[in-house]
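Next comes entry01.cif, with mmCIF, N, CA and C atoms.
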data_data
loop_
_atom_site.group_PDB
_atom_site.id
_atom_site.type_symbol
_atom_site.label_atom_id
_atom_site.label_comp_id
_atom_site.auth_asym_id
_atom_site.auth_seq_id
_atom_site.Cartn_x
_atom_site.Cartn_y
_atom_site.Cartn_z
ATOM 1 N N MET A 1 -66.860 71.297 -87.698
ATOM 2 C CA MET A 1 -67.656 70.148 -87.333
ATOM 3 C C MET A 1 -66.787 68.889 -87.295
ATOM 4 N N LEU A 2 -65.984 68.705 -88.331
ATOM 5 C CA LEU A 2 -65.146 67.501 -88.376
ATOM 6 C C LEU A 2 -64.146 67.480 -87.235
ATOM 7 N N PHE A 3 -63.555 68.630 -86.964
ATOM 8 C CA PHE A 3 -62.507 68.705 -85.949
ATOM 9 C C PHE A 3 -63.085 68.571 -84.539
ATOM 10 N N HIS A 4 -64.132 69.324 -84.248
ATOM 11 C CA HIS A 4 -64.656 69.358 -82.884
ATOM 12 C C HIS A 4 -65.674 68.264 -82.589
ATOM 13 N N LEU A 5 -66.583 68.004 -83.498
ATOM 14 C CA LEU A 5 -67.643 67.036 -83.224
ATOM 15 C C LEU A 5 -67.262 65.608 -83.617
ATOM 16 N N GLU A 6 -66.542 65.476 -84.722
ATOM 17 C CA GLU A 6 -66.136 64.146 -85.177
ATOM 18 C C GLU A 6 -64.767 63.752 -84.631
ATOM 19 N N ASP A 7 -64.104 64.697 -83.968
ATOM 20 C CA ASP A 7 -62.802 64.457 -83.329
ATOM 21 C C ASP A 7 -61.726 63.986 -84.311
ATOM 22 N N LEU A 8 -61.739 64.566 -85.515
ATOM 23 C CA LEU A 8 -60.717 64.238 -86.501
ATOM 24 C C LEU A 8 -59.509 65.153 -86.314
ATOM 25 N N SER A 9 -58.357 64.660 -86.690
ATOM 26 C CA SER A 9 -57.142 65.475 -86.628
ATOM 27 C C SER A 9 -57.191 66.546 -87.716
ATOM 28 N N LEU A 10 -56.328 67.541 -87.580
ATOM 29 C CA LEU A 10 -56.243 68.571 -88.617
ATOM 30 C C LEU A 10 -55.903 67.942 -89.963
ATOM 31 N N GLU A 11 -54.993 66.989 -89.949
ATOM 32 C CA GLU A 11 -54.570 66.330 -91.172
ATOM 33 C C GLU A 11 -55.724 65.566 -91.818
ATOM 34 N N LYS A 12 -56.505 64.861 -91.015
ATOM 35 C CA LYS A 12 -57.632 64.091 -91.543
ATOM 36 C C LYS A 12 -58.716 65.022 -92.069
ATOM 37 N N CYS A 13 -58.965 66.125 -91.361
ATOM 38 C CA CYS A 13 -59.934 67.117 -91.839
ATOM 39 C C CYS A 13 -59.511 67.649 -93.199
ATOM 40 N N ALA A 14 -58.242 67.962 -93.336
ATOM 41 C CA ALA A 14 -57.718 68.473 -94.599
ATOM 42 C C ALA A 14 -57.896 67.446 -95.714
ATOM 43 N N GLU A 15 -57.639 66.200 -95.390
ATOM 44 C CA GLU A 15 -57.787 65.126 -96.378
ATOM 45 C C GLU A 15 -59.249 64.998 -96.824
ATOM 46 N N VAL A 16 -60.164 64.990 -95.866
ATOM 47 C CA VAL A 16 -61.594 64.855 -96.173
ATOM 48 C C VAL A 16 -62.077 66.033 -97.015
ATOM 49 N N LEU A 17 -61.638 67.241 -96.669
ATOM 50 C CA LEU A 17 -62.081 68.445 -97.366
ATOM 51 C C LEU A 17 -61.323 68.700 -98.664
ATOM 52 N N GLY A 18 -60.187 68.045 -98.826
ATOM 53 C CA GLY A 18 -59.386 68.253 -100.028
ATOM 54 C C GLY A 18 -58.690 69.593 -100.060
ATOM 55 N N VAL A 19 -58.271 70.059 -98.887
ATOM 56 C CA VAL A 19 -57.579 71.347 -98.772
ATOM 57 C C VAL A 19 -56.309 71.153 -97.939
ATOM 58 N N PRO A 20 -55.378 72.110 -97.997
ATOM 59 C CA PRO A 20 -54.182 72.014 -97.165
ATOM 60 C C PRO A 20 -54.503 72.174 -95.668
ATOM 61 N N VAL A 21 -53.631 71.665 -94.824
ATOM 62 C CA VAL A 21 -53.813 71.765 -93.373
ATOM 63 C C VAL A 21 -53.901 73.228 -92.944
ATOM 64 N N GLY A 22 -53.111 74.090 -93.559
ATOM 65 C CA GLY A 22 -53.144 75.512 -93.230
ATOM 66 C C GLY A 22 -54.518 76.121 -93.452
ATOM 67 N N THR A 23 -55.219 75.666 -94.465
ATOM 68 C CA THR A 23 -56.570 76.156 -94.733
ATOM 69 C C THR A 23 -57.520 75.728 -93.620
ATOM 70 N N VAL A 24 -57.374 74.503 -93.152
ATOM 71 C CA VAL A 24 -58.200 74.016 -92.048
ATOM 72 C C VAL A 24 -57.955 74.866 -90.807
ATOM 73 N N LYS A 25 -56.691 75.144 -90.510
ATOM 74 C CA LYS A 25 -56.356 75.969 -89.353
ATOM 75 C C LYS A 25 -56.959 77.362 -89.479
ATOM 76 N N SER A 26 -56.869 77.947 -90.674
ATOM 77 C CA SER A 26 -57.427 79.280 -90.900
ATOM 78 C C SER A 26 -58.931 79.292 -90.702
ATOM 79 N N ARG A 27 -59.602 78.278 -91.226
ATOM 80 C CA ARG A 27 -61.058 78.216 -91.098
ATOM 81 C C ARG A 27 -61.477 78.021 -89.646
ATOM 82 N N LEU A 28 -60.745 77.207 -88.906
ATOM 83 C CA LEU A 28 -61.051 77.015 -87.489
ATOM 84 C C LEU A 28 -60.864 78.320 -86.720
ATOM 85 N N HIS A 29 -59.778 79.019 -87.007
ATOM 86 C CA HIS A 29 -59.502 80.289 -86.333
ATOM 87 C C HIS A 29 -60.619 81.295 -86.606
ATOM 88 N N ARG A 30 -61.008 81.406 -87.874
ATOM 89 C CA ARG A 30 -62.062 82.349 -88.250
ATOM 90 C C ARG A 30 -63.388 81.977 -87.589
ATOM 91 N N ALA A 31 -63.729 80.695 -87.583
ATOM 92 C CA ALA A 31 -64.984 80.251 -86.978
ATOM 93 C C ALA A 31 -65.005 80.536 -85.478
ATOM 94 N N ARG A 32 -63.888 80.276 -84.798
ATOM 95 C CA ARG A 32 -63.822 80.552 -83.354
ATOM 96 C C ARG A 32 -63.986 82.035 -83.073
ATOM 97 N N ARG A 33 -63.366 82.865 -83.919
ATOM 98 C CA ARG A 33 -63.464 84.320 -83.743
ATOM 99 C C ARG A 33 -64.908 84.777 -83.939
ATOM 100 N N LEU A 34 -65.577 84.268 -84.959
ATOM 101 C CA LEU A 34 -66.965 84.663 -85.219
ATOM 102 C C LEU A 34 -67.876 84.227 -84.072
ATOM 103 N N ILE A 35 -67.643 83.049 -83.535
ATOM 104 C CA ILE A 35 -68.446 82.579 -82.406
ATOM 105 C C ILE A 35 -68.197 83.462 -81.188
ATOM 106 N N ARG A 36 -66.926 83.788 -80.942
ATOM 107 C CA ARG A 36 -66.568 84.628 -79.796
ATOM 108 C C ARG A 36 -67.202 86.009 -79.942
ATOM 109 N N GLU A 37 -67.125 86.607 -81.127
ATOM 110 C CA GLU A 37 -67.696 87.929 -81.344
ATOM 111 C C GLU A 37 -69.218 87.894 -81.207
ATOM 112 N N GLY A 38 -69.844 86.825 -81.656
ATOM 113 C CA GLY A 38 -71.291 86.700 -81.549
ATOM 114 C C GLY A 38 -71.742 86.523 -80.116
ATOM 115 N N ALA A 39 -70.898 85.924 -79.299
ATOM 116 C CA ALA A 39 -71.238 85.671 -77.915
ATOM 117 C C ALA A 39 -71.042 86.906 -77.037
ATOM 118 N N GLU A 40 -70.396 87.944 -77.553
ATOM 119 C CA GLU A 40 -70.089 89.134 -76.768
ATOM 120 C C GLU A 40 -71.132 90.236 -76.924
ATOM 121 N N TRP A 41 -72.274 89.967 -77.418
ATOM 122 C CA TRP A 41 -73.299 90.997 -77.547
ATOM 123 C C TRP A 41 -74.186 90.887 -76.390
#
Could you spell out this file's structure in structure tokens?
Amino acid sequence: MLFHLEDLSLEKCAEVLGVPVGTVKSRLHRARRLIREGAEW
């Protein structure tokens, strides 16, 4: 939500969430995969 809807950078998302940038990237990747898999039914 922060990255796509609020247009925050990965670094800013990490700062807001209190997690490393790598964690933000992992969560985005997982969310995109789940959306893609859900859309393929």
If we count only C-alpha atoms and set the cut-off at 12 Å, which residues sit around stretch 2-16 of chain A, ignoring sequence neighbours fewer than 2 positions away in its own chain? Please answer as an mmCIF file with N, CA and C atoms, keeping the file's coordinate frame.
data_model
loop_
_atom_site.group_PDB
_atom_site.id
_atom_site.type_symbol
_atom_site.label_atom_id
_atom_site.label_comp_id
_atom_site.auth_asym_id
_atom_site.auth_seq_id
_atom_site.Cartn_x
_atom_site.Cartn_y
_atom_site.Cartn_z
ATOM 1 N N GLY A 18 -60.187 68.045 -98.826
ATOM 2 C CA GLY A 18 -59.386 68.253 -100.028
ATOM 3 C C GLY A 18 -58.690 69.593 -100.060
ATOM 4 N N VAL A 19 -58.271 70.059 -98.887
ATOM 5 C CA VAL A 19 -57.579 71.347 -98.772
ATOM 6 C C VAL A 19 -56.309 71.153 -97.939
ATOM 7 N N PRO A 20 -55.378 72.110 -97.997
ATOM 8 C CA PRO A 20 -54.182 72.014 -97.165
ATOM 9 C C PRO A 20 -54.503 72.174 -95.668
ATOM 10 N N VAL A 21 -53.631 71.665 -94.824
ATOM 11 C CA VAL A 21 -53.813 71.765 -93.373
ATOM 12 C C VAL A 21 -53.901 73.228 -92.944
ATOM 13 N N GLY A 22 -53.111 74.090 -93.559
ATOM 14 C CA GLY A 22 -53.144 75.512 -93.230
ATOM 15 C C GLY A 22 -54.518 76.121 -93.452
ATOM 16 N N THR A 23 -55.219 75.666 -94.465
ATOM 17 C CA THR A 23 -56.570 76.156 -94.733
ATOM 18 C C THR A 23 -57.520 75.728 -93.620
ATOM 19 N N VAL A 24 -57.374 74.503 -93.152
ATOM 20 C CA VAL A 24 -58.200 74.016 -92.048
ATOM 21 C C VAL A 24 -57.955 74.866 -90.807
ATOM 22 N N LYS A 25 -56.691 75.144 -90.510
ATOM 23 C CA LYS A 25 -56.356 75.969 -89.353
ATOM 24 C C LYS A 25 -56.959 77.362 -89.479
ATOM 25 N N SER A 26 -56.869 77.947 -90.674
ATOM 26 C CA SER A 26 -57.427 79.280 -90.900
ATOM 27 C C SER A 26 -58.931 79.292 -90.702
ATOM 28 N N ARG A 27 -59.602 78.278 -91.226
ATOM 29 C CA ARG A 27 -61.058 78.216 -91.098
ATOM 30 C C ARG A 27 -61.477 78.021 -89.646
ATOM 31 N N LEU A 28 -60.745 77.207 -88.906
ATOM 32 C CA LEU A 28 -61.051 77.015 -87.489
ATOM 33 C C LEU A 28 -60.864 78.320 -86.720
ATOM 34 N N HIS A 29 -59.778 79.019 -87.007
ATOM 35 C CA HIS A 29 -59.502 80.289 -86.333
ATOM 36 C C HIS A 29 -60.619 81.295 -86.606
ATOM 37 N N ALA A 31 -63.729 80.695 -87.583
ATOM 38 C CA ALA A 31 -64.984 80.251 -86.978
ATOM 39 C C ALA A 31 -65.005 80.536 -85.478
ATOM 40 N N ARG A 32 -63.888 80.276 -84.798
ATOM 41 C CA ARG A 32 -63.822 80.552 -83.354
ATOM 42 C C ARG A 32 -63.986 82.035 -83.073
#
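Atom pair atom C of A:Leu17 / atom N of A:Met1 has a distance of 12.6 Å (rounded to one decimal).
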Test item: axis-aligned box, all listed atoms of stretch 8-13 of chain A, 5 Å on each side, centre and edges in Å rounded to one decimal, as AutoDock Vina command-line options:
--center_x -58.2 --center_y 66.3 --center_z -89.4 --size_x 17.2 --size_y 14.5 --size_z 17.7
- Message: From a backbone DSSP assignment, name each residue in chain A labelled alpha helix (DSSP H), as a list in words.
- Response: Leu10, Glu11, Lys12, Cys13, Ala14, Glu15, Val16, Leu17, Val21, Gly22, Thr23, Val24, Lys25, Ser26, Arg27, Leu28, His29, Arg30, Ala31, Arg32, Arg33, Leu34, Ile35, Arg36, Glu37, Gly38 and Ala39 of chain A
